[in-house]
Structures are given as structure tokens and as C-alpha cells.
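Engineer: Sharing a structure here in C-alpha cells format.
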Amino acid sequence: IVDNEWRFAPDQPTVRDEMGNINNCITVEDQTMYLHEEPCSGFFGDTPNNLYTQVLPDEITLAK
């Protein structure tokens, strides 16, 4: 919705929902070939030294 108007890209594939709105649709394909990064970057690696995690810091770490 842009400026209170339902928008979609007419040059892309579309489908209608149950309310009659036209929506763009996408096809999700296997992304494993895109998930390879340089080991030193820290992304997607299996090394214990990854800098990026989903672990939330405790209160003491946040206070630092």
C-alpha cells in the first residue's frame, strides 16, 4: 500500500487473493548455492569463532 493505494508491479507475475486484490507472487527456489561465503567473513561458517549469532546477551554484557 502506497499513499493508501494498493500497488503491485504489473510487469511481474501476479495472483488475486480471496478479497480480489492483485498481488505479485514469487517462486522460492533452492538457495543453497548462494549460501557460500568466505570463511574469514564469519557468515554461514561452521567455525567456533563466528562473530554473528542469534544468542541474546545477558544483562551484565548489555550494561558494559
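By order of appearance in the C-alpha cells: chains A, B, ..., then residues from 1 within every chain, and ligands from 1 in the order shown.
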Report as a list in words all protein, DNA and RNA residues lying within 12 Å of stretch 25-31 of chain A, evaluated on only C-alpha atoms, omitting residues in the same chain fewer than 5 positions from it.
Structural biologist: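 The filter keeps Phe8, Ala9, Pro10, Asp11, Gln12, Pro13, Thr14, Val15, Arg16, Asp17 and His36 of chain A.
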Engineer: Suppose we keep N, CA, C and O atoms; can you now write the selection as a tab-separated table (two decimals), in the first residue's frame?
Structural biologist:
```
chain	number	residue	atom	x	y	z
A	8	PHE	N	1.03	-2.94	-7.09
A	8	PHE	CA	1.74	-4.15	-7.49
A	8	PHE	C	2.50	-3.82	-8.76
A	8	PHE	O	2.23	-2.81	-9.42
A	9	ALA	N	3.47	-4.65	-9.08
A	9	ALA	CA	4.27	-4.44	-10.29
A	9	ALA	C	3.61	-5.20	-11.43
A	9	ALA	O	3.64	-6.43	-11.46
A	10	PRO	N	2.97	-4.50	-12.37
A	10	PRO	CA	2.24	-5.18	-13.44
A	10	PRO	C	3.13	-5.99	-14.39
A	10	PRO	O	2.65	-6.89	-15.07
A	11	ASP	N	4.43	-5.69	-14.41
A	11	ASP	CA	5.33	-6.43	-15.30
A	11	ASP	C	5.86	-7.71	-14.66
A	11	ASP	O	6.63	-8.43	-15.28
A	12	GLN	N	5.45	-8.01	-13.43
A	12	GLN	CA	5.86	-9.21	-12.71
A	12	GLN	C	4.66	-10.15	-12.59
A	12	GLN	O	3.52	-9.72	-12.71
A	13	PRO	N	4.90	-11.45	-12.30
A	13	PRO	CA	3.79	-12.40	-12.14
A	13	PRO	C	2.85	-11.95	-11.02
A	13	PRO	O	3.29	-11.45	-9.99
A	14	THR	N	1.53	-12.13	-11.22
A	14	THR	CA	0.53	-11.71	-10.23
A	14	THR	C	-0.48	-12.82	-9.98
A	14	THR	O	-0.65	-13.73	-10.79
A	15	VAL	N	-1.14	-12.72	-8.83
A	15	VAL	CA	-2.26	-13.59	-8.45
A	15	VAL	C	-3.28	-12.72	-7.72
A	15	VAL	O	-2.95	-11.67	-7.18
A	16	ARG	N	-4.53	-13.16	-7.71
A	16	ARG	CA	-5.57	-12.48	-6.94
A	16	ARG	C	-5.78	-13.22	-5.63
A	16	ARG	O	-5.82	-14.44	-5.60
A	17	ASP	N	-5.95	-12.46	-4.55
A	17	ASP	CA	-6.26	-13.09	-3.27
A	17	ASP	C	-7.77	-13.24	-3.12
A	17	ASP	O	-8.54	-12.88	-4.01
A	36	HIS	N	27.21	-19.70	0.25
A	36	HIS	CA	28.63	-19.91	0.48
A	36	HIS	C	29.35	-18.57	0.51
A	36	HIS	O	29.28	-17.79	-0.42
```
